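As structure tokens, the structure follows; a few thoughts come after it.
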Amino acid sequence: MTASTSFLLERLHAAGLTDVVKVEPAAGGLAATAGLAQRGDGTSVFVKAFRDSPSDDAFAAEAEGLTVLREAGIATPEIILADRDLLVLSVLRPRPGTQAFWEQLAHMLAHLHTTTRHARFGWHRDNWLGRRRQVNTWDDDGFEFFAQHRLLRWLGERRVQEALDTADRAALERLCDRLPELLPVRPACLTHGDLWALNVMATHDGRPALIDPAVSYTWAEVDLAHLWTTSPPPEGQVFFELYAELTGLDQDWRARMPILQLRQHLAVIAQFEPDWGAADLVRATLAPFRHR
């Protein structure tokens, strides 16, 4: 047993799940330590824990997001336990490599985005994107909300300050000022908030299921951009055309994806070293907004 799996086993036993007999490493775990825990009856659960929790409410906020998405028709894992240091969920399966699966996901996400519209942008509490707080202060203006709480919010992070120079930061501020020219007016709706390809899994009967949410009411295209730019597999390309048809997207939606994805790139820069090229992608998107 590794140090990480021993740590998870100790946390599980301390939380009262004393029938867990062993823990194996699980994929993922960028923000927290993750594993598959086998119980005495032979069943397994997914578990993740923080060695140093960023907040008392990080896992509670994630569990709330899973519940809210499930209530809106999205398949999510069952919540077995959520406390300050530990999140225990039912086990999902890897997604199948079929176009039919991605077509199901397109219908599921389109239904979420078109049936949960809200008068304001935000959420009733802050939640977490990885180990950083996602600020969800309510705002009537989607452009102001996105500028302040999804883009400019990251400029105070040490790694972002190191990665972006003065000209980069000024370009981001100019882009934020021009958001009403660059993006169409769209209503707020319930979004997953961290919808990259690895957060798409499957239920035991093969239906699409989502994990690791950072929910809020904001533009639907924030979810679309994250999937678009995180290399979904070839069979996943059918998702985008079908989603666009189901939601009535205009022909220019692809051109907006780099601007909407700035939020996620900045979050990656703030939290991870190396940043997998995120700073270069940010600079490329900001290039037209530099003073020449």
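Going by the structure tokens order, chains are called A, B, ..., each with residues numbered from 1, while ligands are numbered from 1 in the order shown.
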
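All residues of segment 219-250 of chain A that DSSP, run on the backbone, classes as helix (DSSP H, G or I) are Glu221, Val222, Asp223, Leu224, Ala225, His226, Leu227, Trp228, Pro234, Glu235, Gly236, Gln237, Val238, Phe239, Phe240, Glu241, Leu242, Tyr243, Ala244, Glu245, Leu246 and Thr247 of chain A.
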
Please tabulate, as CSV, the residues of segment 96-167 of chain A that come within 12 Å of segment 246-267 of chain A, each with its closest pair of atoms and the distance in Å to one decimal, counting only C-alpha atoms and ordering rows by chain, then residue number upward.
```
residue,atom,partner,partner_atom,distance
A:Glu103,CA,A:Leu246,CA,10.9
A:Gln104,CA,A:Leu246,CA,11.9
A:Leu105,CA,A:Leu246,CA,11.7
A:Ala106,CA,A:Leu246,CA,8.1
A:His107,CA,A:Leu246,CA,7.4
A:Met108,CA,A:Leu246,CA,10.4
A:Leu109,CA,A:Thr247,CA,9.6
A:Ala110,CA,A:Thr247,CA,6.1
A:His111,CA,A:Thr247,CA,8.6
A:Leu112,CA,A:Thr247,CA,10.5
A:His113,CA,A:Thr247,CA,8.3
A:Thr114,CA,A:Thr247,CA,7.2
A:Thr115,CA,A:Thr247,CA,10.8
A:Trp128,CA,A:Ala267,CA,10.8
A:Leu129,CA,A:Ala267,CA,7.7
A:Gly130,CA,A:Ala267,CA,8.4
A:Arg131,CA,A:Ala267,CA,9.6
A:Arg132,CA,A:Ala267,CA,7.9
A:Arg133,CA,A:Ala267,CA,10.0
A:Gln134,CA,A:Ala267,CA,9.6
A:Phe143,CA,A:Leu260,CA,11.2
A:Phe145,CA,A:Arg263,CA,11.9
A:Phe146,CA,A:Arg263,CA,8.6
A:Ala147,CA,A:Arg263,CA,9.3
A:Gln148,CA,A:Arg263,CA,10.7
A:His149,CA,A:Arg263,CA,9.1
A:Arg150,CA,A:Arg263,CA,5.4
A:Leu151,CA,A:Arg263,CA,5.3
A:Leu152,CA,A:Arg263,CA,8.9
A:Arg153,CA,A:Arg263,CA,9.2
A:Trp154,CA,A:Leu266,CA,6.3
A:Leu155,CA,A:Leu266,CA,8.4
A:Gly156,CA,A:Leu266,CA,10.9
A:Glu157,CA,A:Ala267,CA,9.2
A:Arg158,CA,A:Leu266,CA,11.4
A:Arg159,CA,A:Leu266,CA,9.4
A:Val160,CA,A:Leu266,CA,7.0
A:Gln161,CA,A:Leu266,CA,10.4
A:Glu162,CA,A:Leu266,CA,11.9
A:Ala163,CA,A:Leu266,CA,9.8
A:Leu164,CA,A:Leu266,CA,9.9
```

Report as a Markdown table the residues of segment 37-65 of chain A within 9 Å of segment 214-230 of chain A, each with its shortest atom pair and distance in Å (one decimal), using only C-alpha atoms, ordered by chain and increasing residue number.
```
| residue | atom | partner | partner_atom | distance |
| --- | --- | --- | --- | --- |
| A:Ala61 | CA | A:Ala214 | CA | 8.1 |
| A:Glu62 | CA | A:Ala214 | CA | 6.8 |
| A:Glu64 | CA | A:Val215 | CA | 8.9 |
| A:Gly65 | CA | A:Val215 | CA | 5.7 |
```

Residues just named, written with N, CA and C atoms as a short mmCIF file (atom, residue, chain, number, x, y, z; two decimals), in the first residue's frame:
```cif
data_model
loop_
_atom_site.label_atom_id
_atom_site.label_comp_id
_atom_site.auth_asym_id
_atom_site.auth_seq_id
_atom_site.Cartn_x
_atom_site.Cartn_y
_atom_site.Cartn_z
N ALA A 61 -19.62 21.70 -0.80
CA ALA A 61 -20.04 22.43 -1.99
C ALA A 61 -20.05 21.51 -3.21
N GLU A 62 -19.08 20.62 -3.31
CA GLU A 62 -19.06 19.67 -4.42
C GLU A 62 -20.25 18.72 -4.34
N GLU A 64 -23.10 19.31 -2.97
CA GLU A 64 -24.29 20.07 -3.33
C GLU A 64 -24.42 20.18 -4.84
N GLY A 65 -23.30 20.44 -5.51
CA GLY A 65 -23.32 20.54 -6.96
C GLY A 65 -23.77 19.26 -7.61
#
```

Out of segment 58-208 of chain A, which residues get strand (DSSP E or B) from DSSP, as number ranges by chain? A: 75, 79-82, 86-89, 93, 118, 121-122, 127-129, 132-134, 139, 188-191, 200-202, 208

Write out, as a Markdown table, each residue of segment 2-118 of chain A that has an atom at most 6 Å from segment 191-209 of chain A, together with the closest pair of atoms and their distance in Å to one decimal, counting only C-alpha atoms, rows going by chain and rising number.
```
| residue | atom | partner | partner_atom | distance |
| --- | --- | --- | --- | --- |
| A:Ala75 | CA | A:Ala209 | CA | 4.6 |
| A:Thr76 | CA | A:Ala209 | CA | 5.2 |
| A:Leu92 | CA | A:Thr203 | CA | 5.4 |
| A:Arg93 | CA | A:Ala202 | CA | 5.0 |
| A:Pro94 | CA | A:Met201 | CA | 5.2 |
| A:Arg95 | CA | A:Met201 | CA | 4.7 |
| A:Leu105 | CA | A:Pro208 | CA | 5.8 |
```

Selection from above, C-alpha atoms, as a JSON list (two decimals), in the first residue's frame, can you write it?
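The resulting file, part-v6.json, is shown below:
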```json
[["chain", "number", "residue", "atom", "x", "y", "z"],
["A", 75, "ALA", "CA", -26.56, 11.47, -13.88],
["A", 76, "THR", "CA", -24.01, 11.89, -11.08],
["A", 92, "LEU", "CA", -18.94, 5.12, -12.01],
["A", 93, "ARG", "CA", -17.56, 3.45, -15.12],
["A", 94, "PRO", "CA", -15.23, 4.79, -17.81],
["A", 95, "ARG", "CA", -17.21, 6.24, -20.71],
["A", 105, "LEU", "CA", -24.54, 13.63, -23.59]]
```

Atom CA of His291 of chain A sits from atom CA of Ala279 of chain A at a separation of 19.0 Å

task: Mind checking which residues fall within 9 Å of segment 14-31 of chain A, counting only C-alpha atoms, ignoring those fewer than 4 positions away in the same chain, and posting them as a PyMOL selection string?
output: chain A and resi 1-2+4-6+8-10+35-41+44+46-48+50+81+83+86+129-131+198+271-272

Cys176 of chain A proximity check over A:Asp57, A:Glu235, A:Glu144, A:Asp275, using only C-alpha atoms: winner is A:Glu144

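Pairwise distance (atom CA of His118 of chain A, atom CA of Cys189 of chain A) equals 5.5 Å.
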
re atom CA of Gly122 of chain A and atom CA of Asp140 of chain A: distance 8.9 Å

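Neighbours of Ala287 of chain A closer than or equal to 10 Å, with only C-alpha atoms counted and sequence neighbours fewer than 4 positions away skipped, come out as Ala167, Asp168, Ala171, Leu172, Leu281, Val282, Arg283, His291 and Arg292 of chain A.
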